[in-house]
Every structure is written in C-alpha cells, then in structure tokens.
file work38.txt (compact mmCIF, C-alpha atoms)
# COMPACT_ATOMS: atom_id res chain seq x y z
CA MET R 1 13.82 38.76 -36.85
CA LYS R 2 15.20 41.02 -34.15
CA LEU R 3 11.96 40.64 -32.26
CA PHE R 4 12.34 36.87 -32.50
CA VAL R 5 15.87 37.01 -31.02
CA TYR R 6 14.76 39.26 -28.18
CA LEU R 7 11.80 37.01 -27.52
CA SER R 8 14.01 33.91 -27.46
CA ILE R 9 16.44 35.53 -25.03
CA PHE R 10 13.54 36.66 -22.88
CA ILE R 11 12.08 33.12 -22.77
CA MET R 12 15.51 31.64 -22.02
CA LEU R 13 15.97 34.05 -19.13
CA ILE R 14 12.57 33.20 -17.69
CA THR R 15 13.01 29.43 -17.94
CA SER R 16 16.57 29.45 -16.56
CA GLY R 17 15.33 31.62 -13.73
CA LEU R 18 12.58 29.13 -13.00
CA SER R 19 14.85 26.09 -12.93
CA ASN R 20 17.32 27.96 -10.70
CA ASP R 21 14.46 28.69 -8.38
CA LEU R 22 13.52 25.01 -8.19
CA GLN R 23 17.10 23.95 -7.51
CA ARG R 24 17.64 26.59 -4.89
CA LYS R 25 14.81 25.30 -2.74
CA SER R 26 16.55 22.15 -1.54
CA ASN R 27 19.95 20.50 -1.36
CA ARG R 28 18.35 17.23 -0.39
CA VAL R 29 19.52 14.25 -2.43
CA ILE R 30 17.46 11.08 -2.24
CA SER R 31 19.05 7.80 -3.29
CA VAL R 32 16.87 5.67 -5.51
CA MET R 33 17.43 1.93 -5.25
CA ASP R 34 15.90 -1.40 -6.18
CA PHE R 35 15.22 -4.01 -3.52
CA ASP R 36 18.56 -5.80 -3.92
CA GLN R 37 20.37 -2.54 -3.26
CA PHE R 38 18.08 -1.74 -0.35
CA GLU R 39 18.04 -5.16 1.35
CA PRO R 40 21.25 -4.72 3.45
CA TRP R 41 19.33 -2.07 5.41
CA LEU R 42 17.18 -4.85 6.84
CA HIS R 43 20.10 -6.93 8.10
CA LYS R 44 22.58 -4.60 9.79
CA GLN R 45 24.56 -6.35 12.49
CA SER R 46 25.73 -3.31 14.48
CA ASP R 47 24.80 -2.28 18.03
CA SER R 48 22.11 0.08 16.77
CA VAL R 49 18.34 -0.23 16.75
CA TYR R 50 17.06 0.24 13.21
CA VAL R 51 13.63 1.74 12.59
CA VAL R 52 12.73 1.21 8.94
CA ASN R 53 9.46 2.84 7.89
CA PHE R 54 7.79 2.32 4.50
CA TRP R 55 5.75 5.32 3.41
CA ALA R 56 4.69 7.47 0.47
CA THR R 57 3.62 11.09 0.07
CA TRP R 58 0.19 10.00 -1.25
CA CYS R 59 -0.49 7.88 1.85
CA ALA R 60 -2.37 9.92 4.46
CA PRO R 61 -1.65 7.76 7.53
CA CYS R 62 2.02 7.57 6.49
CA ILE R 63 2.30 11.33 6.37
CA ARG R 64 0.59 11.63 9.74
CA GLU R 65 3.18 9.43 11.45
CA ILE R 66 6.35 10.86 9.84
CA PRO R 67 6.70 13.55 12.58
CA ASP R 68 6.57 10.79 15.22
CA PHE R 69 9.42 8.92 13.52
CA GLU R 70 11.31 12.19 13.18
CA GLN R 71 10.89 12.76 16.91
CA ILE R 72 12.34 9.29 17.59
CA HIS R 73 15.29 10.24 15.40
CA LYS R 74 15.78 13.51 17.31
CA GLU R 75 15.48 12.04 20.79
CA TYR R 76 17.16 8.66 20.34
CA SER R 77 19.81 8.98 17.64
CA ASP R 78 22.48 9.63 20.30
CA ARG R 79 21.46 6.33 21.93
CA GLY R 80 22.08 4.36 18.77
CA VAL R 81 18.64 4.45 17.15
CA LYS R 82 18.74 4.86 13.38
CA VAL R 83 15.57 5.90 11.58
CA LEU R 84 15.32 5.16 7.85
CA LEU R 85 12.29 6.45 5.94
CA VAL R 86 11.78 4.37 2.80
CA SER R 87 9.64 6.21 0.29
CA LEU R 88 7.65 4.07 -2.15
CA ASP R 89 6.77 7.10 -4.27
CA HIS R 90 7.33 6.95 -8.00
CA PRO R 91 10.81 8.42 -8.72
CA ASN R 92 9.22 11.12 -10.89
CA ARG R 93 7.60 12.54 -7.72
CA ILE R 94 10.90 13.18 -5.91
CA ASP R 95 11.28 16.84 -6.92
CA GLY R 96 7.60 17.75 -6.92
CA HIS R 97 6.35 15.90 -3.85
CA VAL R 98 8.88 13.95 -1.76
CA VAL R 99 11.52 16.66 -1.31
CA PRO R 100 9.05 19.53 -0.69
CA PHE R 101 7.24 17.39 1.90
CA LEU R 102 10.46 16.50 3.73
CA ASP R 103 11.66 20.11 3.59
CA ARG R 104 8.37 21.44 4.91
CA LEU R 105 8.62 19.12 7.92
CA GLY R 106 12.35 19.69 8.27
CA VAL R 107 12.97 15.94 8.26
CA ASP R 108 16.53 15.06 9.26
CA SER R 109 16.13 11.25 9.33
CA GLN R 110 17.72 9.41 6.44
CA VAL R 111 15.40 8.97 3.47
CA VAL R 112 15.80 6.63 0.51
CA LEU R 113 13.41 5.78 -2.31
CA LEU R 114 12.74 2.12 -3.04
CA ASP R 115 11.95 1.86 -6.73
CA ASP R 116 11.08 -1.75 -7.40
CA PRO R 117 7.64 -2.53 -8.82
CA PHE R 118 7.92 -6.31 -8.36
CA ALA R 119 6.57 -6.12 -4.82
CA ASN R 120 5.39 -9.71 -4.57
CA ARG R 121 9.06 -10.71 -4.74
CA TRP R 122 10.32 -8.39 -2.03
CA ILE R 123 7.44 -7.81 0.42
CA PRO R 124 7.97 -11.19 2.19
CA LYS R 125 11.71 -10.42 2.43
CA VAL R 126 10.83 -7.37 4.53
CA SER R 127 8.45 -9.43 6.67
CA GLU R 128 6.43 -12.59 6.11
CA LYS R 129 3.70 -10.84 8.09
CA TRP R 130 3.36 -7.94 5.63
CA SER R 131 0.35 -8.07 3.30
CA GLY R 132 1.61 -4.98 1.47
CA ALA R 133 -0.41 -2.12 2.94
CA ILE R 134 1.47 1.00 3.99
CA PRO R 135 2.43 2.42 6.41
CA ALA R 136 4.54 -0.52 7.52
CA THR R 137 7.50 -0.51 9.88
CA VAL R 138 10.30 -2.93 10.75
CA ILE R 139 12.16 -2.32 14.00
CA TYR R 140 15.19 -4.51 14.71
CA ASN R 141 18.50 -4.91 16.41
CA LYS R 142 20.92 -7.79 16.02
CA ASP R 143 18.87 -9.96 18.39
CA GLN R 144 15.25 -9.34 17.50
CA LYS R 145 12.92 -7.95 14.88
CA VAL R 146 9.31 -6.73 15.10
CA PHE R 147 6.98 -5.71 12.30
CA PHE R 148 3.90 -3.45 12.21
CA GLU R 149 1.45 -2.97 9.36
CA LYS R 150 -0.30 0.06 10.81
CA GLU R 151 0.15 3.68 11.81
CA LEU R 152 2.39 4.13 14.88
CA LYS R 153 2.52 6.98 17.36
CA PHE R 154 5.62 8.30 19.12
CA GLU R 155 4.66 6.71 22.45
CA GLU R 156 4.15 3.28 20.87
CA LEU R 157 7.46 3.56 19.05
CA GLU R 158 9.19 4.55 22.26
CA GLU R 159 7.71 1.59 24.12
CA ILE R 160 9.00 -0.79 21.47
CA ILE R 161 12.39 0.83 20.95
CA VAL R 162 13.57 1.58 24.49
CA PRO R 163 13.76 -2.08 25.64
CA MET R 164 15.68 -2.89 22.47
CA ILE R 165 18.24 -0.20 23.31
CA SER R 166 18.78 -1.52 26.83
CA ASN R 167 19.18 -5.04 25.44
CA ILE R 168 22.18 -3.83 23.51
CA LYS R 169 23.81 -2.15 26.49
CA HIS R 170 23.96 -5.41 28.50
CA MET T 1 4.56 -4.70 33.63
CA LYS T 2 5.89 -2.92 30.59
CA LYS T 3 6.91 -6.22 29.06
CA THR T 4 3.44 -7.66 29.63
CA SER T 5 1.72 -4.70 28.05
CA LEU T 6 4.12 -4.81 25.12
CA PHE T 7 3.40 -8.50 24.73
CA LEU T 8 -0.33 -7.77 24.76
CA VAL T 9 0.11 -5.05 22.17
CA MET T 10 2.06 -7.46 19.97
CA PHE T 11 -0.52 -10.19 20.46
CA PHE T 12 -3.29 -7.77 19.55
CA LEU T 13 -1.41 -6.62 16.46
CA ALA T 14 -0.78 -10.19 15.40
CA SER T 15 -4.47 -10.96 15.81
CA VAL T 16 -5.57 -8.01 13.68
CA GLY T 17 -2.98 -8.82 11.02
CA PHE T 18 -3.91 -10.59 7.84
CA SER T 19 -4.10 -13.93 9.63
CA GLN T 20 -7.75 -12.97 10.17
CA GLY T 21 -10.20 -13.41 7.33
CA TYR T 22 -10.28 -16.00 4.58
CA SER T 23 -7.55 -18.32 3.47
CA VAL T 24 -7.54 -20.11 0.15
CA GLY T 25 -10.08 -22.95 0.32
CA ASP T 26 -12.38 -21.19 2.78
CA LYS T 27 -16.06 -20.70 2.05
CA ALA T 28 -16.81 -17.08 1.17
CA SER T 29 -19.92 -15.36 2.48
CA ASP T 30 -22.38 -13.40 0.39
CA PHE T 31 -23.23 -9.74 1.03
CA ARG T 32 -25.79 -7.17 0.01
CA LEU T 33 -24.18 -3.83 -0.79
CA LYS T 34 -25.26 -0.67 -2.58
CA ASN T 35 -23.99 -0.22 -6.10
CA VAL T 36 -23.16 3.14 -7.70
CA ASP T 37 -26.35 2.84 -9.80
CA GLY T 38 -28.44 2.83 -6.60
CA SER T 39 -29.34 -0.88 -6.73
CA TYR T 40 -28.24 -3.45 -4.18
CA VAL T 41 -25.96 -6.26 -5.33
CA SER T 42 -25.41 -9.74 -3.89
CA LEU T 43 -23.40 -12.64 -5.24
CA SER T 44 -26.64 -14.63 -5.32
CA ASP T 45 -27.85 -12.23 -8.05
CA PHE T 46 -25.48 -14.08 -10.43
CA PRO T 47 -26.73 -17.69 -10.39
CA ASP T 48 -24.90 -18.53 -13.61
CA ALA T 49 -21.52 -17.24 -12.51
CA LYS T 50 -18.78 -19.85 -12.17
CA GLY T 51 -17.11 -17.55 -9.69
CA PHE T 52 -16.23 -13.93 -8.96
CA ILE T 53 -13.26 -11.63 -9.06
CA ILE T 54 -13.79 -9.59 -5.89
CA VAL T 55 -11.53 -6.53 -5.75
CA PHE T 56 -11.45 -4.40 -2.62
CA SER T 57 -10.92 -1.06 -4.28
CA CYS T 58 -11.46 2.66 -3.79
CA ASN T 59 -11.09 6.03 -5.49
CA HIS T 60 -8.14 7.70 -3.82
CA CYS T 61 -5.37 5.12 -3.79
CA PRO T 62 -2.77 5.59 -6.55
CA TYR T 63 -2.22 1.83 -6.65
CA VAL T 64 -5.92 1.36 -7.41
CA VAL T 65 -5.87 4.10 -10.03
CA ALA T 66 -2.93 2.32 -11.67
CA TYR T 67 -5.08 -0.79 -11.97
CA GLU T 68 -8.48 0.65 -12.99
CA ASP T 69 -8.00 0.05 -16.70
CA ARG T 70 -6.71 -3.45 -16.03
CA MET T 71 -9.78 -4.13 -13.84
CA ILE T 72 -12.06 -3.04 -16.70
CA ALA T 73 -10.17 -5.30 -19.13
CA LEU T 74 -10.34 -8.24 -16.70
CA HIS T 75 -14.11 -7.85 -16.33
CA ASN T 76 -14.63 -7.53 -20.08
CA LYS T 77 -12.54 -10.64 -20.67
CA TYR T 78 -13.80 -12.87 -17.87
CA ALA T 79 -17.43 -11.85 -17.21
CA PRO T 80 -18.56 -13.56 -20.46
CA LYS T 81 -16.63 -16.66 -19.33
CA GLY T 82 -18.50 -16.73 -16.02
CA PHE T 83 -16.20 -14.71 -13.77
CA PRO T 84 -17.55 -11.17 -13.38
CA LEU T 85 -15.50 -8.62 -11.45
CA ILE T 86 -17.08 -6.94 -8.45
CA ALA T 87 -15.35 -3.95 -6.90
CA ILE T 88 -16.03 -3.11 -3.25
CA ASN T 89 -14.92 0.12 -1.61
CA PRO T 90 -14.28 -0.68 2.07
CA ASN T 91 -13.10 2.78 3.16
CA ASP T 92 -14.96 4.91 5.67
CA SER T 93 -16.15 8.05 3.95
CA ILE T 94 -15.49 10.27 6.97
CA ALA T 95 -11.93 9.00 7.30
CA GLN T 96 -11.41 9.27 3.53
CA PRO T 97 -13.88 11.72 1.93
CA GLN T 98 -12.54 11.00 -1.58
CA ASP T 99 -14.02 7.52 -1.17
CA SER T 100 -17.56 8.60 -0.29
CA PHE T 101 -20.49 7.03 -2.12
CA SER T 102 -21.10 10.19 -4.17
CA ALA T 103 -17.41 10.28 -5.16
CA MET T 104 -17.63 6.59 -6.13
CA LYS T 105 -20.51 7.42 -8.47
CA VAL T 106 -18.44 10.15 -10.12
CA ARG T 107 -15.40 7.87 -10.57
CA ALA T 108 -17.49 4.98 -11.93
CA LYS T 109 -19.01 7.33 -14.50
CA GLU T 110 -15.67 8.90 -15.47
CA LYS T 111 -14.08 5.52 -16.06
CA GLY T 112 -17.23 3.84 -17.40
CA PHE T 113 -16.86 0.87 -15.03
CA PRO T 114 -18.64 -2.09 -16.66
CA PHE T 115 -18.68 -3.91 -13.29
CA PRO T 116 -20.59 -3.23 -10.05
CA TYR T 117 -18.79 -0.81 -7.74
CA LEU T 118 -20.20 -1.42 -4.28
CA HIS T 119 -19.92 0.48 -1.02
CA ASP T 120 -19.11 -1.47 2.14
CA ALA T 121 -20.72 1.40 4.01
CA ASP T 122 -20.78 -0.16 7.47
CA GLN T 123 -17.40 -1.86 6.91
CA SER T 124 -18.84 -5.28 7.68
CA VAL T 125 -17.68 -7.15 4.57
CA TYR T 126 -13.94 -6.45 4.27
CA PRO T 127 -13.06 -7.84 7.75
CA LYS T 128 -14.86 -11.11 6.94
CA TYR T 129 -12.72 -11.49 3.84
CA GLY T 130 -9.64 -10.25 5.66
CA ALA T 131 -8.79 -7.52 3.17
CA THR T 132 -6.04 -5.22 4.46
CA ARG T 133 -5.45 -2.92 1.53
CA THR T 134 -6.73 -1.57 -1.75
CA PRO T 135 -6.44 -3.12 -4.24
CA HIS T 136 -6.81 -6.59 -2.69
CA VAL T 137 -8.20 -9.42 -4.79
CA TYR T 138 -10.24 -12.46 -3.71
CA LEU T 139 -10.98 -14.88 -6.53
CA LEU T 140 -13.99 -17.05 -5.72
CA GLU T 141 -15.06 -20.27 -7.46
CA ARG T 142 -18.39 -22.03 -7.25
CA ALA T 143 -18.26 -25.34 -5.39
CA GLY T 144 -21.75 -26.85 -5.33
CA SER T 145 -23.97 -24.33 -3.59
CA ASP T 146 -20.97 -22.60 -1.97
CA LEU T 147 -18.41 -20.11 -3.13
CA LYS T 148 -14.83 -20.92 -2.17
CA VAL T 149 -11.74 -18.74 -2.16
CA ALA T 150 -9.37 -19.88 -4.91
CA TYR T 151 -6.78 -17.10 -4.94
CA ILE T 152 -5.89 -14.10 -2.75
CA GLY T 153 -3.58 -11.27 -3.57
CA ALA T 154 -2.42 -9.04 -6.39
CA ILE T 155 -3.76 -8.51 -9.91
CA ASP T 156 -0.28 -8.92 -11.39
CA ASP T 157 3.33 -8.31 -10.44
CA ASN T 158 3.80 -4.76 -11.72
CA HIS T 159 1.41 -2.03 -10.64
CA ARG T 160 3.34 0.66 -12.42
CA ASP T 161 3.44 -0.56 -15.96
CA ALA T 162 1.03 -3.09 -17.45
CA SER T 163 3.42 -3.62 -20.36
CA GLN T 164 6.23 -4.70 -18.01
CA VAL T 165 4.23 -7.38 -16.20
CA ASN T 166 6.01 -10.74 -15.91
CA ASP T 167 3.31 -12.62 -13.99
CA ASP T 168 -0.40 -12.12 -14.57
CA PHE T 169 -1.31 -13.72 -11.24
CA LEU T 170 -5.07 -13.11 -11.38
CA SER T 171 -5.61 -13.87 -15.09
CA ASP T 172 -3.54 -17.02 -14.73
CA ALA T 173 -5.60 -18.06 -11.71
CA VAL T 174 -8.92 -17.55 -13.54
CA ASP T 175 -7.57 -19.35 -16.62
CA ALA T 176 -6.53 -22.25 -14.39
CA LEU T 177 -10.04 -22.50 -12.90
CA LEU T 178 -11.60 -22.32 -16.37
CA ALA T 179 -9.31 -25.18 -17.43
CA GLY T 180 -10.30 -27.21 -14.38
CA LYS T 181 -6.87 -26.76 -12.77
CA ARG T 182 -5.69 -25.26 -9.48
CA PRO T 183 -4.23 -21.74 -9.54
CA ASP T 184 -0.51 -21.51 -8.79
CA PRO T 185 0.38 -19.40 -6.88
CA THR T 186 -2.76 -19.06 -4.75
CA PHE T 187 -1.40 -16.19 -2.65
CA THR T 188 0.58 -13.11 -3.67
CA ARG T 189 1.31 -9.70 -2.18
CA ALA T 190 1.35 -6.15 -3.44
CA ILE T 191 1.83 -2.68 -2.06
CA GLY T 192 -1.47 -0.91 -1.48
CA CYS T 193 -3.29 1.63 0.64
CA THR T 194 -4.51 0.70 4.10
CA ILE T 195 -8.26 0.39 4.53
CA LYS T 196 -9.42 3.57 6.21
CA THR T 197 -11.49 3.35 9.37
CA ARG T 198 -12.77 6.00 11.75
CA ASN T 199 -10.66 6.18 14.90
call {"tool": "encode", "arguments": {"input": "work38.txt", "output": "structure tokens"}}
result
Amino acid sequence: MKLFVYLSIFIMLITSGLSNDLQRKSNRVISVMDFDQFEPWLHKQSDSVYVVNFWATWCAPCIREIPDFEQIHKEYSDRGVKVLLVSLDHPNRIDGHVVPFLDRLGVDSQVVLLDDPFANRWIPKVSEKWSGAIPATVIYNKDQKVFFEKELKFEELEEIIVPMISNIKH
Amino acid sequence: MKKTSLFLVMFFLASVGFSQGYSVGDKASDFRLKNVDGSYVSLSDFPDAKGFIIVFSCNHCPYVVAYEDRMIALHNKYAPKGFPLIAINPNDSIAQPQDSFSAMKVRAKEKGFPFPYLHDADQSVYPKYGATRTPHVYLLERAGSDLKVAYIGAIDDNHRDASQVNDDFLSDAVDALLAGKRPDPTFTRAIGCTIKTRN
C-alpha cells in the first residue's frame, strides 16, 4: 500500500513536471475563430495595408514563405502595413505544431487560426479567384485588393505593397 | 516601369490561375498514365463506363488523407453503377519526395485502394484539366464518343469529419447523372495542397 502511495506521488510529480515544461515553452496565445468571426479582417477600412496570408504547418510552400511575410512585418509595420497569418491547421495542432513553429522562427506578426471546415462557403468570400489551394494571400487597402494563390517572396510582396502604401499617403 | 511590370506580373498570375483548364461542359481528354500495379491506364480502357470520377490526389496532403476512406467508399459505390474513380498524383517527385511513384505504391497497398492510382509523371495531364490542388475532383460523363466535364470541385463540404457533412457534392452530382439530371452545383471549392512542381 505504501509503495502504491509513493508510486502515485512519483507519477504525479513527473506528469505535473512535464505539463509545466510544456507551458513554460511559450506564452503565445492563438485565437481560434470561425469564418464569420474572421471575416472583418478582410474588410478593414483604415489607412493601413493588410497582408492576410492563409497557411498551415503541414504545407511546405507555406512554411517556406512565412519568413518573407515576417520580414514585411518587421520592415513595414511602422509604415502602416499589417501582416496577419491565418493558420488553417486543425485546432488540436496548436500546442504541438503551430506554436512551436512560430516560436522557432520568432514570428512577431499576428497569427489567428481559422477553424471552419465548410470551406466551399467561405473561400469565395476571401476571393472569387481562389480555388482553395494554399498558400494564398490577400493584400488590400481601402481602395484596392489583390489576391495570389501561390508562394510569394519578399521582393514580390514589397513590389505589391509599396505602391499601396504610397496610395494611402496622398 | 514598375507599374507596367506589376501589371504584367498580375496578368501572368491571372493567366495561370484556375481560369485555365476545363470548365463544366468542356470535352475532357484521355491520358495514358502508369498505375501503381505497373500497368498503364487510359480512360479508353473502360468502354462500358458511363463516366469517371477523376481525383487529383497524392500521398502527403492532409486534406487528401482525410478523404482517402471516402474515396474508397465512392469507388465501391459508384464503379458498379458505371462511374469508377481514378486517382491521379500530379506532384513532382523531386519537389515532393513523399509523392514519388514508389511511395504511391506503398500508400495504395496500405490503404488497399480498389481504384487505379496513377502517376502524372511528366505533369502533362493536370494542367490540361486545370487542377490546382489535391484533392481536386473532375466528374466526367460520357456524351456519345466524348467525355464531358459535369462537375468540378470538392468531394463534400467537410474535409474534417465525414459524419458532419451537410452537402455531399460529388455523390449528389453522380446521382444526378445516373438519374438523367444535371448536377447542382456544378462547381465547388475546398482547401487543399498546391500541386508541387520543380522550380
């Protein structure tokens, strides 16, 4: 009996230690939303340029381009460019995959998780041009909107975004 | 100058978007592709088929994996009614080694695919159809000596959970054809993995 108690305490100590360890790794909190909650992000009417990128940790080209979006965030956030990374991962992958990936890259851009399986309903609301493949990116300001269903590099992003910034300043 | 080049980039992107390839009603072309059993498969090998469920598919994409069991069930249900399913992997095996021909053989065996699983090794077939992602479905129906595209899009409206599906787009479309009716809708969208090409 005593052995059982000791063993139980021992196991409790180990498991609590493990969960503490997991929690200690990151303070990152990722909001999970359905499309109706997310949709306002596609229609902001401020003076900013919004760069909304749809990605997932299992998508190799998406992961390749995240550092390029992060660089846009670093270099252009003070000029009114807002980068939003919209993860399409399953919510049960947040702790095991999404957060560790973002931490490893030191991503500072805002990240949300769009959890809405009924994609045929919401894909055309993001863009009529989108067939549904990711990565996909919407870039807009209050005057114009462009959409890309492909991997983008920093230089391409810059070429698209910079004229949209100057449009605002006029 | 910058504006012109940007315009050209946009124009190019628009032209490589999914506007290319087949629309519903277009005649679909045949192909001859290697199956996981080593044989070569063409649509003309199935003279009695009333049509085909063509699924651009692969090994690695989680959205495909989510649908594998549903693809098997669709084939088992509709092949006897004249609509066999044919899966085609359009991904380049250098760009995506998990989708190589040898890996396809392994996956087909693991899952016991009852349908052909073909390799678009030179990536010549998927651009003709206009597939942009995996999974991407093209439902074909026989029209005289031709095959015509009757439906393009998703298998159903919920990749995550087959039990939570509200709209069985593909099944409904095949049922409509079998009943001599037109599918409605004829075009749907779904999240999927891009088709991988060598840069």
call {"tool": "closest_atom_pairs", "arguments": {"input": "work38.txt", "of": "chain T", "to": "chain R", "cutoff": "8 Å", "atoms": "only C-alpha atoms", "output": "JSON lines"}}
result
{"residue": "T:Leu6", "atom": "CA", "partner": "R:Ile160", "partner_atom": "CA", "distance": 7.3}
{"residue": "T:Leu13", "atom": "CA", "partner": "R:Phe148", "partner_atom": "CA", "distance": 7.5}
{"residue": "T:Gly17", "atom": "CA", "partner": "R:Glu149", "partner_atom": "CA", "distance": 7.5}
{"residue": "T:Phe18", "atom": "CA", "partner": "R:Ser131", "partner_atom": "CA", "distance": 6.7}
{"residue": "T:Cys61", "atom": "CA", "partner": "R:Trp58", "partner_atom": "CA", "distance": 7.8}
{"residue": "T:Pro62", "atom": "CA", "partner": "R:Trp58", "partner_atom": "CA", "distance": 7.5}
{"residue": "T:Thr132", "atom": "CA", "partner": "R:Ala133", "partner_atom": "CA", "distance": 6.6}
{"residue": "T:Arg133", "atom": "CA", "partner": "R:Ala133", "partner_atom": "CA", "distance": 5.3}
{"residue": "T:Thr134", "atom": "CA", "partner": "R:Ala133", "partner_atom": "CA", "distance": 7.9}
{"residue": "T:Asp157", "atom": "CA", "partner": "R:Phe118", "partner_atom": "CA", "distance": 5.4}
{"residue": "T:Asn158", "atom": "CA", "partner": "R:Pro117", "partner_atom": "CA", "distance": 5.3}
{"residue": "T:His159", "atom": "CA", "partner": "R:Pro117", "partner_atom": "CA", "distance": 6.5}
{"residue": "T:Arg160", "atom": "CA", "partner": "R:Pro117", "partner_atom": "CA", "distance": 6.5}
{"residue": "T:Thr188", "atom": "CA", "partner": "R:Asn120", "partner_atom": "CA", "distance": 6.0}
{"residue": "T:Arg189", "atom": "CA", "partner": "R:Asn120", "partner_atom": "CA", "distance": 4.7}
{"residue": "T:Ala190", "atom": "CA", "partner": "R:Gly132", "partner_atom": "CA", "distance": 5.1}
{"residue": "T:Ile191", "atom": "CA", "partner": "R:Gly132", "partner_atom": "CA", "distance": 4.2}
{"residue": "T:Gly192", "atom": "CA", "partner": "R:Ala133", "partner_atom": "CA", "distance": 4.7}
{"residue": "T:Cys193", "atom": "CA", "partner": "R:Ala133", "partner_atom": "CA", "distance": 5.3}
{"residue": "T:Thr194", "atom": "CA", "partner": "R:Ala133", "partner_atom": "CA", "distance": 5.1}
call {"tool": "atom_distance", "arguments": {"input": "work38.txt", "atom1": "atom CA of R:Val107", "atom2": "atom CA of R:Met33"}}
result
20.0 Å
call {"tool": "residues_around", "arguments": {"input": "work38.txt", "residues": "T:Ile94", "least_positions_apart": "5", "cutoff": "9 Å", "atoms": "all atoms listed in the file", "output": "ChimeraX atom specification"}}
result
/T:99-100,197-198
call {"tool": "closest_residue", "arguments": {"input": "work38.txt", "among": "R:Tyr50, R:Trp55, R:Phe38, R:Phe101", "to": "R:Lys125", "atoms": "only C-alpha atoms"}}
result
R:Phe38
call {"tool": "closest_residue", "arguments": {"input": "work38.txt", "among": "R:Ile72, R:Met164, R:Val32, R:Val83", "to": "R:Asp115", "atoms": "all atoms listed in the file"}}
result
R:Val32
call {"tool": "residues_near_point", "arguments": {"input": "work38.txt", "point": "(-12.9, -17.1, 5.1)", "cutoff": "9 Å", "atoms": "only C-alpha atoms", "output": "short mmCIF file (atom, residue, chain, number, x, y, z; two decimals) with C-alpha atoms, keeping the file's coordinate frame"}}
result
data_model
loop_
_atom_site.label_atom_id
_atom_site.label_comp_id
_atom_site.auth_asym_id
_atom_site.auth_seq_id
_atom_site.Cartn_x
_atom_site.Cartn_y
_atom_site.Cartn_z
CA GLN T 20 -7.75 -12.97 10.17
CA GLY T 21 -10.20 -13.41 7.33
CA TYR T 22 -10.28 -16.00 4.58
CA SER T 23 -7.55 -18.32 3.47
CA VAL T 24 -7.54 -20.11 0.15
CA GLY T 25 -10.08 -22.95 0.32
CA ASP T 26 -12.38 -21.19 2.78
CA LYS T 27 -16.06 -20.70 2.05
CA ALA T 28 -16.81 -17.08 1.17
CA SER T 29 -19.92 -15.36 2.48
CA LYS T 128 -14.86 -11.11 6.94
CA TYR T 129 -12.72 -11.49 3.84
CA GLY T 130 -9.64 -10.25 5.66
CA LYS T 148 -14.83 -20.92 -2.17
CA VAL T 149 -11.74 -18.74 -2.16
#
call {"tool": "atom_distance", "arguments": {"input": "work38.txt", "atom1": "atom CA of T:Ala173", "atom2": "atom CA of T:Leu43"}}
result
19.7 Å
